[in-house]
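What follows is one structure encoded as structure tokens, with my remarks underneath.
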Number of protein chains: 2
Amino acid sequence: MPKSKYESIYQTIKDEILAGNYVHGDLLPSENEYTKRFGCTRNTIRRALAMLTQEGFLLPRHGRGVQVIWQPQKGRNIFSLGGIESLREAADRNQVSMKTRVVRFEERICDEKLSEQTGFDVGEHLLFVERVRKINGEAIILDTNYFLKSETEGLTAEIAEHSIYRYLEEVRGMNITTSLRRVTAEKAVKRDYRYLDLQEYDFLLVITGQVFNSSGVMFEYTQSRHRPDKVCFIESAVRKTV
Amino acid sequence: MPKSKYESIYQTIKDEILAGNYVHGDLLPSENEYTKRFGCTRNTIRRALAMLTQEGFLLPRHGRGVQVIWQPQKGRNIFSLGGIESLREAADRNQVSMKTRVVRFEERICDEKLSEQTGFDVGEHLLFVERVRKINGEAIILDTNYFLKSETEGLTAEIAEHSIYRYLEEVRGMNITTSLRRVTAEKAVKRDYRYLDLQEYDFLLVITGQVFNSSGVMFEYTQSRHRPDKVCFIESAVRKTV
DNA sequence: GTACATAACTTGTATAAACAAGTAGAAAGG
DNA sequence: CCTTTCTACTTGTTTATACAAGTTATGTAC
């Protein structure tokens, strides 16, 4: 449950947009109308609207109002880059069935080469998890995670089959706060061919990420390799008018 | 020049981080210290810091302070997905030489199929521009743009060789405000092989975008096809602590 | 009728202030 | 010496208010 006012207002308005209450180009109710409806100040409303703007739902226009520019995408499964969302959460939102198979689950000690790749310190004890994600029956995604061993005590392969994030957040009470992601395209390697239904494709869309918890330590390095026809990543940006 | 206080504070602090005044993990001065330094309220400081957090420079930690988590990347040219930045601007920032060659510059009328792809209305008069970008001598990027003809009167092939955005903003006084971007990986097609130095690669990292001006009309559809070894896109995200 | 001023909206920026909640170190107690 | 308590910090949320600036429609003067 959202704990703050602006978060619950954000969620409410977002739900209304996703439900199709507004068509592309419509103006939202004005900020003042929202203050009456939600019983709060303009600041709080503006904060919620700013989040939705950041995510590409809205286009505020000085003096006129706030326009809804969201339109549902079709064809590919959409994973928004705009927020930290686990694959499980994204799959639920896209209403697709996702099955996870853990193919490797072992402890590793970070060496020079791995440190270069992941950003962990040499000698650090890591938990290495490799998972295949089946979406609607097809093996589409190969997920590789390195977790800081010390922060993931109690994590089992069985839990990894479901949602690791849910475990870390709900059971261990960890707060995942910030992540940095890089998007690249890469040639398929042996492991991709071995585990994924690549069809005619010999390349993958790769999302690499470092995740920080609220203690400020980087506790996860992730690589997510996607068959390119089934996914796309969306992002919105707001240019500072110079 | 930044017109608002929070923008100039944002720029000042960002410059200090990029200049290397703080190393990975350092705490920034507290918000209260910044209010004294910049002579403004905490809200204004927080707004500037929020932007830097959004871009992945900072990790604020409740009760402790704001940690700098930025570290310079190496290897690939980085194009941040976090802001609307033209290729020319990104190239300047990465200090690489970029040459642009216009290979097509013609008027088109939007038909059914093009409308499906770009989101423009059928019958709309469009300006179609195709450009090859050479970075450090290699043809790396194939750029395809469809502009609303009515909004780009006076645009010539010669201007397109430089920066279209600079022209639109400085000469035509247009404000580019919001863009929606999709990231995918796609198989190379004939035109890619014809115009780009693809080397052994047979696929591309593709960024597709719709750009809205401050009048709220979508006035540009962009597709940018990149040889995958030379670029990567980075993005930061902040998870709402549930 | 057309042009211009005006009024009533809208969003954008900034200040000021209060309290909540997390952190860390000093002080006090055993 | 160790533990607990308190205090002084930090960031996080929210209210209230004021004014700036862009848009639109209305009404007035010509």
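Following the order of the structure tokens, first chain is A, next is B, and so on, with residues numbered from 1 inside each chain and ligands from 1 in the order they appear.
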Would you give me, as a tab-separated table, each residue of chain A having an atom within 10 Å of an atom of chain C, along with its shortest atom pair and that distance in Å to one decimal, using only C-alpha atoms (C1' of nucleotides) and sorting by chain and residue number?
```
residue	atom	partner	partner_atom	distance
A:Ser30	CA	C:DT10	C1'	7.5
A:Glu31	CA	C:DT11	C1'	8.5
A:Asn32	CA	C:DT10	C1'	9.5
A:Arg46	CA	C:DT11	C1'	9.8
A:Pro60	CA	C:DT11	C1'	7.4
A:Arg61	CA	C:DT11	C1'	6.7
A:His62	CA	C:DT11	C1'	4.5
A:Gly63	CA	C:DT10	C1'	4.1
A:Arg64	CA	C:DT10	C1'	4.9
A:Gly65	CA	C:DT10	C1'	5.8
A:Val66	CA	C:DT11	C1'	8.3
```
Problem set entry | Selection near range 197-200 of chain A, 8 Å with only C-alpha atoms (C1' of nucleotides), sequence-local residues under 4 positions removed, as a ChimeraX atom specification | /A:138-140,192-193,227
For this session: Using only C-alpha atoms (C1' of nucleotides), determine which residues of chain A fall within 12 Å of chain D; present them as number ranges by chain.
Result: A: 3-7, 35, 39-45, 47, 61-65
For this session: Pick out the closest residue to chain B from this set: A:Glu153, A:Glu112, A:Glu186, A:Asp121. Count only C-alpha atoms.
Result: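 Using only C-alpha atoms, the shortest distance to chain B belongs to A:Glu186.
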